[in-house]
Every structure is written in C-alpha cells, then in structure tokens.
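Colleague: Structure supplied as run.cif; contents: mmCIF, C-alpha atoms.
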```
data_coords
#
loop_
_atom_site.group_PDB
_atom_site.id
_atom_site.type_symbol
_atom_site.label_atom_id
_atom_site.label_comp_id
_atom_site.auth_asym_id
_atom_site.auth_seq_id
_atom_site.Cartn_x
_atom_site.Cartn_y
_atom_site.Cartn_z
ATOM 1 C CA MET A 1 -23.554 -55.233 -68.500
ATOM 2 C CA GLN A 2 -23.403 -54.073 -64.878
ATOM 3 C CA ARG A 3 -25.174 -57.250 -63.771
ATOM 4 C CA LYS A 4 -22.546 -59.383 -65.488
ATOM 5 C CA GLN A 5 -19.747 -57.334 -63.971
ATOM 6 C CA LEU A 6 -21.292 -57.787 -60.546
ATOM 7 C CA THR A 7 -21.575 -61.533 -61.078
ATOM 8 C CA VAL A 8 -17.847 -61.857 -61.805
ATOM 9 C CA TYR A 9 -17.041 -59.554 -58.906
ATOM 10 C CA ARG A 10 -19.126 -61.530 -56.425
ATOM 11 C CA SER A 11 -18.004 -64.921 -57.675
ATOM 12 C CA LEU A 12 -14.379 -64.000 -56.975
ATOM 13 C CA CYS A 13 -14.584 -61.641 -54.047
ATOM 14 C CA ASN A 14 -16.885 -63.920 -52.048
ATOM 15 C CA ASP A 15 -14.600 -66.914 -52.586
ATOM 16 C CA ASP A 16 -12.328 -67.325 -49.576
ATOM 17 C CA THR A 17 -10.248 -69.955 -51.372
ATOM 18 C CA CYS A 18 -9.208 -67.761 -54.300
ATOM 19 C CA TYR A 19 -5.684 -67.274 -52.902
ATOM 20 C CA ASP A 20 -4.869 -70.903 -53.657
ATOM 21 C CA PHE A 21 -4.949 -70.061 -57.374
ATOM 22 C CA ILE A 22 -4.603 -66.286 -57.442
ATOM 23 C CA ASP A 23 -1.940 -66.346 -60.169
ATOM 24 C CA ASN A 24 -4.382 -68.067 -62.522
ATOM 25 C CA LEU A 25 -7.122 -65.582 -61.683
ATOM 26 C CA ARG A 26 -4.855 -62.622 -62.302
ATOM 27 C CA ASP A 27 -3.484 -64.017 -65.555
ATOM 28 C CA THR A 28 -7.052 -64.686 -66.717
ATOM 29 C CA TYR A 29 -8.829 -61.478 -65.751
ATOM 30 C CA ASP A 30 -6.130 -58.808 -65.942
ATOM 31 C CA PRO A 31 -6.007 -58.568 -69.771
ATOM 32 C CA LEU A 32 -9.768 -59.094 -70.013
ATOM 33 C CA ILE A 33 -10.651 -56.267 -67.609
ATOM 34 C CA ARG A 34 -8.122 -53.932 -69.225
ATOM 35 C CA HIS A 35 -9.645 -54.659 -72.649
ATOM 36 C CA ILE A 36 -13.137 -53.850 -71.349
ATOM 37 C CA LEU A 37 -11.892 -50.614 -69.770
ATOM 38 C CA GLU A 38 -10.271 -49.548 -73.036
ATOM 39 C CA LYS A 39 -13.268 -50.392 -75.266
ATOM 40 C CA VAL A 40 -16.390 -49.702 -73.194
ATOM 41 C CA ASN A 41 -17.799 -46.317 -72.232
ATOM 42 C CA HIS A 42 -16.965 -45.920 -68.539
ATOM 43 C CA ASP A 43 -20.485 -44.673 -67.823
ATOM 44 C CA LEU A 44 -21.629 -48.232 -68.528
ATOM 45 C CA LEU A 45 -19.261 -49.710 -65.958
ATOM 46 C CA ASP A 46 -19.173 -49.877 -62.168
ATOM 47 C CA LEU A 47 -15.592 -48.622 -61.829
ATOM 48 C CA ASN A 48 -15.561 -48.939 -58.064
ATOM 49 C CA ASN A 49 -16.381 -52.663 -58.201
ATOM 50 C CA ILE A 50 -13.772 -53.163 -60.902
ATOM 51 C CA PHE A 51 -11.209 -51.421 -58.699
ATOM 52 C CA VAL A 52 -12.087 -53.603 -55.692
ATOM 53 C CA LEU A 53 -11.864 -56.729 -57.851
ATOM 54 C CA ALA A 54 -8.536 -55.642 -59.350
ATOM 55 C CA CYS A 55 -7.116 -55.074 -55.862
ATOM 56 C CA ARG A 56 -8.474 -58.405 -54.627
ATOM 57 C CA ILE A 57 -6.790 -60.504 -57.323
ATOM 58 C CA GLY A 58 -3.696 -58.330 -57.674
ATOM 59 C CA CYS A 59 -4.244 -56.829 -61.141
ATOM 60 C CA LEU A 60 -1.634 -54.104 -60.824
ATOM 61 C CA LYS A 61 -2.036 -52.882 -64.412
ATOM 62 C CA VAL A 62 -5.785 -52.443 -63.959
ATOM 63 C CA VAL A 63 -5.279 -50.623 -60.652
ATOM 64 C CA ALA A 64 -2.639 -48.384 -62.237
ATOM 65 C CA TYR A 65 -4.919 -47.642 -65.212
ATOM 66 C CA LEU A 66 -7.836 -46.681 -62.982
ATOM 67 C CA LEU A 67 -5.756 -44.532 -60.659
ATOM 68 C CA GLU A 68 -4.279 -42.726 -63.642
ATOM 69 C CA ASN A 69 -7.504 -42.143 -65.567
ATOM 70 C CA ILE A 70 -10.339 -42.003 -63.028
ATOM 71 C CA ASN A 71 -11.060 -39.504 -60.256
ATOM 72 C CA HIS A 72 -9.999 -41.230 -57.050
ATOM 73 C CA ASP A 73 -13.229 -40.232 -55.314
ATOM 74 C CA GLN A 74 -15.038 -42.627 -57.665
ATOM 75 C CA LEU A 75 -12.871 -45.585 -56.682
ATOM 76 C CA ASP A 76 -13.055 -45.712 -52.864
ATOM 77 C CA ALA A 77 -9.504 -46.963 -52.387
ATOM 78 C CA LYS A 78 -10.072 -47.229 -48.633
ATOM 79 C CA LYS A 79 -12.855 -49.784 -49.106
ATOM 80 C CA ALA A 80 -10.853 -51.695 -51.707
ATOM 81 C CA VAL A 81 -7.810 -52.086 -49.470
ATOM 82 C CA ASN A 82 -9.890 -52.749 -46.348
ATOM 83 C CA ASP A 83 -11.817 -55.482 -48.181
ATOM 84 C CA LEU A 84 -8.497 -56.931 -49.283
ATOM 85 C CA TYR A 85 -7.312 -56.892 -45.667
ATOM 86 C CA ARG A 86 -10.390 -58.763 -44.449
ATOM 87 C CA SER A 87 -10.281 -61.297 -47.261
ATOM 88 C CA VAL A 88 -6.659 -62.169 -46.438
ATOM 89 C CA CYS A 89 -6.529 -61.832 -42.677
ATOM 90 C CA ASP A 90 -9.845 -63.543 -41.977
ATOM 91 C CA ASP A 91 -8.347 -66.672 -43.510
ATOM 92 C CA ASP A 92 -6.722 -68.609 -40.657
ATOM 93 C CA ASP A 93 -4.360 -70.333 -43.087
ATOM 94 C CA TYR A 94 -3.207 -67.282 -45.038
ATOM 95 C CA TYR A 95 0.429 -67.685 -44.036
ATOM 96 C CA LYS A 96 0.616 -71.095 -45.722
ATOM 97 C CA PHE A 97 0.741 -69.323 -49.086
ATOM 98 C CA ILE A 98 2.338 -66.132 -47.807
ATOM 99 C CA ASP A 99 5.012 -65.922 -50.521
ATOM 100 C CA ASN A 100 2.369 -65.685 -53.214
ATOM 101 C CA LEU A 101 0.354 -63.134 -51.241
ATOM 102 C CA ARG A 102 3.421 -60.967 -50.716
ATOM 103 C CA ASP A 103 4.517 -61.135 -54.354
ATOM 104 C CA THR A 104 0.974 -60.247 -55.445
ATOM 105 C CA TYR A 105 0.096 -57.429 -53.077
ATOM 106 C CA ASP A 106 3.401 -55.767 -52.214
ATOM 107 C CA PRO A 107 3.765 -53.869 -55.526
ATOM 108 C CA LEU A 108 0.029 -53.172 -55.641
ATOM 109 C CA ILE A 109 -0.140 -51.635 -52.147
ATOM 110 C CA ARG A 110 3.025 -49.611 -52.772
ATOM 111 C CA HIS A 111 1.524 -48.222 -55.980
ATOM 112 C CA ILE A 112 -1.665 -47.205 -54.172
ATOM 113 C CA LEU A 113 0.348 -45.513 -51.410
ATOM 114 C CA GLU A 114 2.380 -43.580 -53.962
ATOM 115 C CA LYS A 115 -0.592 -42.458 -56.105
ATOM 116 C CA VAL A 116 -3.519 -41.954 -53.720
ATOM 117 C CA ASN A 117 -3.927 -39.126 -51.218
ATOM 118 C CA HIS A 118 -3.286 -40.713 -47.828
ATOM 119 C CA ASP A 119 -6.387 -39.006 -46.424
ATOM 120 C CA LEU A 120 -8.406 -41.359 -48.649
ATOM 121 C CA LEU A 121 -6.770 -44.456 -47.148
ATOM 122 C CA ASP A 122 -6.911 -46.333 -43.858
ATOM 123 C CA LEU A 123 -3.160 -46.408 -43.201
ATOM 124 C CA LYS A 124 -3.519 -48.399 -40.003
ATOM 125 C CA THR A 125 -5.272 -51.248 -41.822
ATOM 126 C CA ILE A 126 -2.703 -51.141 -44.632
ATOM 127 C CA PHE A 127 0.067 -51.428 -42.046
ATOM 128 C CA VAL A 128 -1.576 -54.465 -40.415
ATOM 129 C CA LEU A 129 -2.043 -56.106 -43.832
ATOM 130 C CA ALA A 130 1.568 -55.372 -44.826
ATOM 131 C CA CYS A 131 2.850 -56.868 -41.569
ATOM 132 C CA SER A 132 0.594 -59.897 -41.888
ATOM 133 C CA ILE A 133 1.820 -60.907 -45.340
ATOM 134 C CA GLY A 134 5.398 -59.722 -44.864
ATOM 135 C CA CYS A 135 5.494 -56.725 -47.214
ATOM 136 C CA LEU A 136 8.734 -55.299 -45.856
ATOM 137 C CA THR A 137 8.956 -52.501 -48.435
ATOM 138 C CA VAL A 138 5.423 -51.316 -47.559
ATOM 139 C CA VAL A 139 6.153 -51.496 -43.833
ATOM 140 C CA ALA A 140 9.406 -49.567 -44.329
ATOM 141 C CA TYR A 141 7.633 -46.930 -46.444
ATOM 142 C CA LEU A 142 4.939 -46.376 -43.835
ATOM 143 C CA LEU A 143 7.354 -46.259 -40.902
ATOM 144 C CA GLU A 144 9.477 -43.731 -42.752
ATOM 145 C CA ASN A 145 6.659 -41.453 -43.930
ATOM 146 C CA ILE A 146 3.801 -41.786 -41.420
ATOM 147 C CA ASN A 147 3.601 -40.878 -37.730
ATOM 148 C CA HIS A 148 3.910 -44.195 -35.897
ATOM 149 C CA ASP A 149 0.987 -43.351 -33.627
ATOM 150 C CA GLN A 150 -1.277 -43.450 -36.695
ATOM 151 C CA LEU A 151 -0.218 -46.985 -37.502
ATOM 152 C CA ASP A 152 -0.737 -48.653 -34.115
ATOM 153 C CA VAL A 153 2.359 -50.793 -34.531
ATOM 154 C CA LYS A 154 1.646 -52.762 -31.353
ATOM 155 C CA GLU A 155 -1.724 -53.957 -32.648
ATOM 156 C CA ALA A 156 -0.251 -54.858 -36.049
ATOM 157 C CA VAL A 157 2.627 -56.907 -34.638
ATOM 158 C CA ASN A 158 0.435 -58.549 -32.005
ATOM 159 C CA TYR A 159 -2.023 -59.524 -34.736
ATOM 160 C CA VAL A 160 0.796 -61.269 -36.604
ATOM 161 C CA CYS A 161 1.970 -62.960 -33.416
ATOM 162 C CA HIS A 162 -1.422 -64.362 -32.524
ATOM 163 C CA SER A 163 -2.427 -65.327 -36.060
ATOM 164 C CA VAL A 164 0.743 -67.396 -36.471
ATOM 165 C CA TYR A 165 1.807 -68.833 -33.177
ATOM 166 C CA ILE A 166 -1.550 -70.119 -31.927
ATOM 167 C CA ASP A 167 -1.887 -72.414 -34.939
ATOM 168 C CA ASP A 168 -0.083 -75.719 -34.377
ATOM 169 C CA ASP A 169 -0.179 -76.354 -38.113
ATOM 170 C CA ASP A 170 2.577 -73.838 -38.826
ATOM 171 C CA ASN A 171 5.302 -76.352 -37.952
ATOM 172 C CA VAL A 172 4.849 -77.618 -41.503
ATOM 173 C CA VAL A 173 5.654 -74.232 -43.066
ATOM 174 C CA ILE A 174 7.936 -72.826 -40.388
ATOM 175 C CA ASN A 175 10.825 -71.987 -42.727
ATOM 176 C CA LYS A 176 8.567 -69.885 -44.921
ATOM 177 C CA VAL A 177 7.066 -68.127 -41.903
ATOM 178 C CA ARG A 178 10.495 -67.402 -40.413
ATOM 179 C CA GLU A 179 11.939 -66.073 -43.662
ATOM 180 C CA THR A 180 8.924 -63.765 -43.970
ATOM 181 C CA TYR A 181 8.751 -62.322 -40.473
ATOM 182 C CA ASP A 182 12.373 -62.310 -39.298
ATOM 183 C CA PRO A 183 13.523 -59.303 -41.396
ATOM 184 C CA LEU A 184 10.189 -57.545 -40.921
ATOM 185 C CA ILE A 185 10.226 -57.788 -37.120
ATOM 186 C CA ARG A 186 13.882 -56.760 -36.947
ATOM 187 C CA HIS A 187 13.118 -53.695 -39.062
ATOM 188 C CA ILE A 188 10.248 -52.721 -36.771
ATOM 189 C CA LEU A 189 12.400 -53.203 -33.683
ATOM 190 C CA GLU A 190 15.098 -50.968 -35.159
ATOM 191 C CA LYS A 191 12.758 -48.198 -36.345
ATOM 192 C CA VAL A 192 9.943 -48.019 -33.769
ATOM 193 C CA ASN A 193 10.107 -46.712 -30.207
ATOM 194 C CA HIS A 194 9.992 -49.821 -28.017
ATOM 195 C CA ASP A 195 7.389 -48.183 -25.787
ATOM 196 C CA LEU A 196 4.968 -48.583 -28.709
ATOM 197 C CA LEU A 197 5.575 -52.342 -28.920
ATOM 198 C CA ASP A 198 4.638 -55.413 -26.886
ATOM 199 C CA LEU A 199 8.149 -56.845 -26.599
ATOM 200 C CA LYS A 200 7.051 -59.893 -24.644
ATOM 201 C CA THR A 201 4.665 -60.977 -27.401
ATOM 202 C CA ILE A 202 7.324 -60.354 -30.052
ATOM 203 C CA PHE A 203 9.768 -62.507 -28.089
ATOM 204 C CA VAL A 204 7.222 -65.329 -27.868
ATOM 205 C CA LEU A 205 6.633 -65.168 -31.637
ATOM 206 C CA ALA A 206 10.370 -65.042 -32.390
ATOM 207 C CA CYS A 207 10.930 -68.164 -30.287
ATOM 208 C CA ARG A 208 7.920 -69.900 -31.798
ATOM 209 C CA ILE A 209 9.044 -69.507 -35.422
ATOM 210 C CA GLY A 210 12.782 -69.702 -34.755
ATOM 211 C CA CYS A 211 13.843 -66.101 -35.458
ATOM 212 C CA LEU A 212 17.271 -66.377 -33.862
ATOM 213 C CA LYS A 213 18.350 -62.870 -34.904
ATOM 214 C CA VAL A 214 15.245 -61.326 -33.328
ATOM 215 C CA VAL A 215 15.725 -63.348 -30.145
ATOM 216 C CA ALA A 216 19.400 -62.336 -30.002
ATOM 217 C CA TYR A 217 18.534 -58.666 -30.572
ATOM 218 C CA LEU A 218 15.949 -58.667 -27.788
ATOM 219 C CA LEU A 219 18.166 -60.489 -25.312
ATOM 220 C CA GLU A 220 20.989 -58.062 -26.032
ATOM 221 C CA ASN A 221 18.954 -54.847 -25.837
ATOM 222 C CA ILE A 222 15.982 -55.492 -23.531
ATOM 223 C CA ASN A 223 15.742 -56.250 -19.812
ATOM 224 C CA TYR A 224 14.975 -59.963 -19.521
ATOM 225 C CA ASP A 225 12.135 -59.302 -17.090
ATOM 226 C CA GLN A 226 10.248 -57.635 -19.949
ATOM 227 C CA LEU A 227 10.506 -60.704 -22.151
ATOM 228 C CA ASP A 228 9.360 -63.601 -19.940
ATOM 229 C CA ALA A 229 11.696 -66.180 -21.455
ATOM 230 C CA MET A 230 10.125 -68.933 -19.359
ATOM 231 C CA LYS A 231 6.704 -68.406 -20.921
ATOM 232 C CA ALA A 232 8.203 -68.124 -24.412
ATOM 233 C CA VAL A 233 10.052 -71.438 -24.163
ATOM 234 C CA ASN A 234 7.162 -73.179 -22.405
ATOM 235 C CA ASP A 235 4.771 -72.032 -25.134
ATOM 236 C CA LEU A 236 7.248 -73.325 -27.690
ATOM 237 C CA TYR A 237 7.304 -76.701 -25.930
ATOM 238 C CA HIS A 238 3.512 -76.999 -25.997
ATOM 239 C CA SER A 239 3.201 -75.794 -29.580
ATOM 240 C CA VAL A 240 5.623 -78.498 -30.711
ATOM 241 C CA CYS A 241 5.005 -81.388 -28.352
ATOM 242 C CA ASP A 242 1.220 -81.177 -28.223
ATOM 243 C CA VAL A 243 1.114 -81.868 -31.960
ATOM 244 C CA ARG A 244 0.802 -85.559 -32.713
ATOM 245 C CA TYR A 245 2.480 -85.370 -36.116
ATOM 246 C CA TYR A 246 5.580 -83.444 -35.078
ATOM 247 C CA ASN A 247 7.687 -86.514 -35.997
ATOM 248 C CA HIS A 248 6.888 -85.669 -39.632
ATOM 249 C CA VAL A 249 8.950 -82.476 -39.452
ATOM 250 C CA MET A 250 11.504 -83.522 -36.852
ATOM 251 C CA ASN A 251 14.645 -82.495 -38.740
ATOM 252 C CA ASN A 252 13.230 -79.075 -39.496
ATOM 253 C CA LEU A 253 12.201 -78.543 -35.880
ATOM 254 C CA ARG A 254 15.642 -79.520 -34.622
ATOM 255 C CA ASP A 255 17.458 -77.303 -37.123
ATOM 256 C CA THR A 256 15.161 -74.420 -36.191
ATOM 257 C CA TYR A 257 15.126 -74.615 -32.405
ATOM 258 C CA ASP A 258 18.490 -76.117 -31.452
ATOM 259 C CA PRO A 259 20.560 -72.919 -31.965
ATOM 260 C CA LEU A 260 17.771 -70.765 -30.530
ATOM 261 C CA ILE A 261 17.455 -72.735 -27.303
ATOM 262 C CA ARG A 262 21.224 -72.881 -26.870
ATOM 263 C CA HIS A 263 21.436 -69.122 -27.282
ATOM 264 C CA ILE A 264 18.748 -68.585 -24.639
ATOM 265 C CA LEU A 265 20.499 -70.949 -22.236
ATOM 266 C CA GLU A 266 23.798 -69.100 -22.707
ATOM 267 C CA LYS A 267 22.339 -65.583 -22.313
ATOM 268 C CA VAL A 268 19.465 -65.843 -19.814
ATOM 269 C CA ASN A 269 19.773 -66.401 -16.069
ATOM 270 C CA HIS A 270 18.683 -69.987 -15.510
ATOM 271 C CA ASP A 271 16.467 -68.887 -12.612
ATOM 272 C CA LEU A 272 14.266 -67.215 -15.251
ATOM 273 C CA LEU A 273 13.836 -70.471 -17.201
ATOM 274 C CA ASP A 274 11.961 -73.747 -16.738
ATOM 275 C CA LEU A 275 14.939 -76.046 -17.298
ATOM 276 C CA LYS A 276 12.869 -79.214 -16.982
ATOM 277 C CA THR A 277 10.605 -78.132 -19.848
ATOM 278 C CA ILE A 278 13.619 -77.145 -21.958
ATOM 279 C CA PHE A 279 15.177 -80.567 -21.332
ATOM 280 C CA HIS A 280 11.950 -82.321 -22.353
ATOM 281 C CA LEU A 281 11.672 -80.201 -25.507
ATOM 282 C CA ALA A 282 15.305 -80.908 -26.410
ATOM 283 C CA CYS A 283 14.756 -84.644 -25.981
ATOM 284 C CA ARG A 284 11.577 -84.597 -28.054
ATOM 285 C CA ILE A 285 13.126 -82.863 -31.078
ATOM 286 C CA GLY A 286 16.511 -84.556 -30.781
ATOM 287 C CA SER A 287 18.621 -81.533 -29.802
ATOM 288 C CA LEU A 288 21.682 -83.433 -28.639
ATOM 289 C CA LYS A 289 23.746 -80.296 -27.983
ATOM 290 C CA VAL A 290 21.055 -78.834 -25.726
ATOM 291 C CA VAL A 291 20.640 -82.135 -23.875
ATOM 292 C CA ALA A 292 24.417 -82.414 -23.443
ATOM 293 C CA TYR A 293 24.670 -78.812 -22.206
ATOM 294 C CA LEU A 294 21.948 -79.329 -19.599
ATOM 295 C CA LEU A 295 23.297 -82.666 -18.382
ATOM 296 C CA GLU A 296 26.747 -81.147 -18.008
ATOM 297 C CA ASN A 297 25.720 -77.919 -16.280
ATOM 298 C CA ILE A 298 22.479 -78.622 -14.386
ATOM 299 C CA ASN A 299 21.685 -80.866 -11.435
ATOM 300 C CA HIS A 300 20.021 -83.894 -12.958
ATOM 301 C CA GLY A 301 17.313 -83.829 -10.301
ATOM 302 C CA GLN A 302 16.043 -80.577 -11.827
ATOM 303 C CA LEU A 303 15.598 -82.155 -15.239
ATOM 304 C CA ASP A 304 13.482 -85.250 -14.501
ATOM 305 C CA ALA A 305 15.206 -87.324 -17.163
ATOM 306 C CA MET A 306 12.915 -90.319 -16.523
ATOM 307 C CA LYS A 307 9.795 -88.348 -17.487
ATOM 308 C CA ALA A 308 11.554 -86.814 -20.483
ATOM 309 C CA VAL A 309 12.578 -90.190 -21.898
ATOM 310 C CA ASN A 310 9.213 -91.782 -21.072
ATOM 311 C CA ASP A 311 7.390 -88.958 -22.865
ATOM 312 C CA LEU A 312 9.734 -89.420 -25.808
ATOM 313 C CA TYR A 313 8.962 -93.159 -25.817
ATOM 314 C CA ARG A 314 5.215 -92.542 -25.897
ATOM 315 C CA SER A 315 5.445 -89.846 -28.572
ATOM 316 C CA VAL A 316 7.350 -92.178 -30.881
ATOM 317 C CA CYS A 317 5.799 -95.546 -30.181
ATOM 318 C CA ASP A 318 2.211 -94.276 -30.118
ATOM 319 C CA ASP A 319 2.690 -93.053 -33.679
ATOM 320 C CA ASP A 320 1.872 -95.968 -35.976
ATOM 321 C CA ASP A 321 3.900 -94.375 -38.773
ATOM 322 C CA TYR A 322 6.976 -93.461 -36.749
ATOM 323 C CA TYR A 323 9.241 -95.856 -38.636
ATOM 324 C CA LYS A 324 8.616 -93.943 -41.877
ATOM 325 C CA PHE A 325 10.653 -91.035 -40.547
ATOM 326 C CA TYR A 326 13.765 -92.919 -39.420
#
```
Output the file's structure in the form of structure tokens.
Modeller:
Amino acid sequence: MQRKQLTVYRSLCNDDTCYDFIDNLRDTYDPLIRHILEKVNHDLLDLNNIFVLACRIGCLKVVAYLLENINHDQLDAKKAVNDLYRSVCDDDDYYKFIDNLRDTYDPLIRHILEKVNHDLLDLKTIFVLACSIGCLTVVAYLLENINHDQLDVKEAVNYVCHSVYIDDDDNVVINKVRETYDPLIRHILEKVNHDLLDLKTIFVLACRIGCLKVVAYLLENINYDQLDAMKAVNDLYHSVCDVRYYNHVMNNLRDTYDPLIRHILEKVNHDLLDLKTIFHLACRIGSLKVVAYLLENINHGQLDAMKAVNDLYRSVCDDDDYYKFY
C-alpha cells in the first residue's frame, strides 16, 4: 500500500509540467484520496506524503481533512509548503499560467495559515510564494499579522521582479502579469516601510509590465533619484525591441506602454531620461502621442530620428511575416 502511495506521489510531485493540467489532477485525485483516508486505517498510510501531495495539486478538502483530524507534527506543513514553493518558483514559465496557480493555492495557503501554528511554518517562504503567484489575500494577511522583518519583503518583491522582467517571453502574457502584480505591489507599497523595499527594482518592474498606477504612485511619493527612470525606460526598450517577434503583440504593447511613457515624460525631469531611447521605443511600438510630444517639445537633434526610423524599417522588413499583422 505504502509503495503504491509513494508511486503516485513521486509521479506527480516530480513532474514539473503538472501545472499545465493541475485542474484535471485535482479533480481526479481529490475524491480518490479522501475516500482512501476515510476507509483505510491511517497506520497503513504515509500521511505526510499524502499531505505534501494534496498541497502540491491543490486538494483543499484533503488538506482541511488532515489538518482537522491528524496531529500537525505528523504532517510537516513547513516541508509541504516549501516543496510547493520550489515546484512553482523553480519553473521559469510559472507566470504564464499564474491565474490557475493563484486560484488553486490562494485558498489552500490561507487555510494552512489559519489552522497551523505559525512556528511550524516558514512564513518567509510562504510570503515569497504568495507574491510570486499574486495571492493578494495571503500577502495582506501576512503583512497585517506578521512582523515585516520576518518576511523579508525586499527579497520577495525582488524575486518577483527578476523572475518576470528578465524573460522576454512575457510580452505575450503581459496583461495577465500586470493584472496580477499591479494590486499586489500597490498594497505592499502602502503597507510596508519603504526602507524595507528596493524601490528602484519595483519601479523597473512596474515599467516593464505596464503598471501605470504603481509608476504614478512612486513618481508622486518617492525622490526620482531613488528610482533611476532612465534605467527603467532603457530596460523596457531592450526588453521589447530586442525581441524579434514583438510585431505579433504590437497593439498590446502600444496600449500598455503609451500612457506609461507619457506619464513619465510629463512628471520626470528630462535630464534624468534618455530621450533618444524613448523616441526609438515610441517609434517601434507605434506610440504616436509620445512621438508627437517629443517632436514638439525636444530638439530634434537629441532624438536621432533617422536611426529611429531606420531601426523601425529593419524590424518590420526583416520579419518575413510582418504583413500578417497589418
């Protein structure tokens, strides 16, 4: 019996691709595991492995049953949640199915936090996981009930920033990423002492995924020297324009970055910006309002319009499929 349990456990928990079909796994195994728990003598079961498996595939009813009926020392909730963290956050593409991850794990993590003695949990790791998959209710719970020094908010937010913005592929799912992290980052900014945060990195992420409200909040409340707007916009330029297939998502890019760039231009001293790079970015993604603003207000010699248009020419005409998007 234990060997068979272990086989199921390993087959699922060692499969890094299980999140692509986690709903099917949960729907399949949740009633089956609950039936086994109700019918089989618990001395014949490895309850800790069952608990880890239930956490991994989001079987909330199984987790709730075990926490209600089994001594928590037998379950090792810390290991279960830490394994869940590694299985999610070691996947470079986790944010591509972030909605499903959040819907699966948000209620499960909240239940564990409410039922398990916090001394038996690694709250710092839970906070990083909650930030990574956008569990706003978990993040809010922890910030309200736990000393912020225990959570290492800077590390958690920086992890999110680096895991998302260094991957050029996220242009394809940028709306989903923005909708996930915009309210979460704003909540952290409002609740956490700014001395515990890396505001520059947050600003770079907010620009990268088009969080206009976060950008506006930072520009209104933080000294611009702390934000490095030039680096943020330059990183945005490279993340977009170094991707060959950006034409495929052109409308989305323009809708995302046009209002953000205009807001930065209106609020930030132009001496703190690389206007040439902004002009090139605006040309590449078709931000007519940004281009018009710069041409009207900036010396054209600073913009290098020839290079901008030539780069635009190459980016379009070197793409054999460009005509499919016009």
Colleague: Figure out the distance between CA of Lys200 in chain A and CA of Lys307 in chain A, please, to one decimal in Å.
Modeller: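 A separation of 29.5 Å between them.
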Colleague: The PyMOL selection byres ((chain A and resi 113) around 12) on the file shown: which residues, as a ChimeraX atom specification?
Modeller: /A:63-64,67,77-78,81,106-112,114-123,126-127,130,137-139,141-142,145-146
Colleague: Separation of CA of Leu295 in chain A and CA of Cys241 in chain A, in Å?
Modeller: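 Rounded to one decimal, the two atoms are 20.9 Å apart.
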Colleague: Could you jot down the CA of Asn48 in chain A to CA of Leu143 in chain A separation for me, Å, one decimal place?
Modeller: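 The value is 28.8 Å.
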Colleague: For the contact check between range 207-321 of chain A and range 179-196 of chain A, emit one row per residue of range 207-321 of chain A within 9 Å, containing the shortest atom pair and the distance in Å rounded to one decimal, counting only C-alpha atoms, chain then rising number order, as a Markdown table.
Modeller:
```
| residue | atom | partner | partner_atom | distance |
| --- | --- | --- | --- | --- |
| A:Ile209 | CA | A:Tyr181 | CA | 8.8 |
| A:Gly210 | CA | A:Asp182 | CA | 8.7 |
| A:Cys211 | CA | A:Asp182 | CA | 5.6 |
| A:Leu212 | CA | A:Asp182 | CA | 8.4 |
| A:Lys213 | CA | A:Asp182 | CA | 7.4 |
| A:Val214 | CA | A:Arg186 | CA | 6.0 |
| A:Tyr217 | CA | A:Arg186 | CA | 8.1 |
| A:Leu218 | CA | A:Leu189 | CA | 8.8 |
```
Colleague: My list of candidates is A:Leu260, A:Ile36, A:Val316, A:Leu265. Which is closest to Leu294 in chain A when distances are computed with only C-alpha atoms?
Modeller: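 Nearest candidate to Leu294 in chain A out of A:Leu260, A:Ile36, A:Val316, A:Leu265: A:Leu265.
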Colleague: Which residue is closest to Leu273 in chain A? Choose from A:Met230, A:Leu253, A:Ile298, A:Ile261 and count all atoms listed in the file.
Modeller: A:Met230
Colleague: Determine, counting all atoms listed in the file, which protein, DNA and RNA residues have an atom within 9 Å of an atom of Tyr159 in chain A; residues of the same chain fewer than 3 positions away are not included. Present the result as a list in words.
Modeller: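 Counting only the stated atoms, we get Val128, Cys131, Ser132, Lys154, Glu155, Ala156, His162, Ser163 and Val164 of chain A.
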Colleague: Hey, what comes out of the PyMOL selection byres ((chain A and resi 223) around 12) on this file? Could you write it as JSON, numbers by chain?
Modeller: {"A": [194, 199, 200, 203, 217, 218, 219, 220, 221, 222, 224, 225, 226, 227, 228, 229, 267, 268, 269, 272]}
Colleague: Output C-alpha atoms of each residue in that selection to a file, as a tab-separated table (two decimals), keeping the file's coordinate frame.
Modeller:
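Full text of result_4.tsv as output:
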```tsv
chain	number	residue	atom	x	y	z
A	194	HIS	CA	9.99	-49.82	-28.02
A	199	LEU	CA	8.15	-56.84	-26.60
A	200	LYS	CA	7.05	-59.89	-24.64
A	203	PHE	CA	9.77	-62.51	-28.09
A	217	TYR	CA	18.53	-58.67	-30.57
A	218	LEU	CA	15.95	-58.67	-27.79
A	219	LEU	CA	18.17	-60.49	-25.31
A	220	GLU	CA	20.99	-58.06	-26.03
A	221	ASN	CA	18.95	-54.85	-25.84
A	222	ILE	CA	15.98	-55.49	-23.53
A	224	TYR	CA	14.98	-59.96	-19.52
A	225	ASP	CA	12.14	-59.30	-17.09
A	226	GLN	CA	10.25	-57.64	-19.95
A	227	LEU	CA	10.51	-60.70	-22.15
A	228	ASP	CA	9.36	-63.60	-19.94
A	229	ALA	CA	11.70	-66.18	-21.46
A	267	LYS	CA	22.34	-65.58	-22.31
A	268	VAL	CA	19.46	-65.84	-19.81
A	269	ASN	CA	19.77	-66.40	-16.07
A	272	LEU	CA	14.27	-67.22	-15.25
```
Colleague: Around all of range 41-54 of chain A's listed atoms, make the axis-aligned box with 4 Å on each side and tell me centre and edge lengths in Å to one decimal, as lines of an AutoDock Vina configuration file.
Modeller:
```
center_x = -15.1
center_y = -50.7
center_z = -64.0
size_x = 21.1
size_y = 20.1
size_z = 24.5
```
Colleague: Pick out the closest residue to Arg102 in chain A from this set: A:Gly286, A:Pro259, A:Gly134, A:Gly301. Count all atoms listed in the file.
Modeller: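 Checking each of A:Gly286, A:Pro259, A:Gly134, A:Gly301 against Arg102 in chain A, counting all atoms listed in the file, the winner is A:Gly134.
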Colleague: Closest to Val309 in chain A among A:Val88, A:Ile57, A:Arg284, A:Ile174, using only C-alpha atoms?
Modeller: A:Arg284
Colleague: Between A:Lys61, A:Gln74, A:His35, A:Ala80, which residue has the minimum interatomic distance to Leu47 in chain A, considering all atoms listed in the file?
Modeller: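 Checking each candidate against Leu47 in chain A, we get A:Gln74 as the closest.
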Colleague: Written as an NGL selection string, what is the full residue list that the PyMOL selection byres ((chain A and resi 290) around 8) yields on the file shown?
Modeller: :A and (258 or 261-262 or 279 or 282 or 287-289 or 291-294)
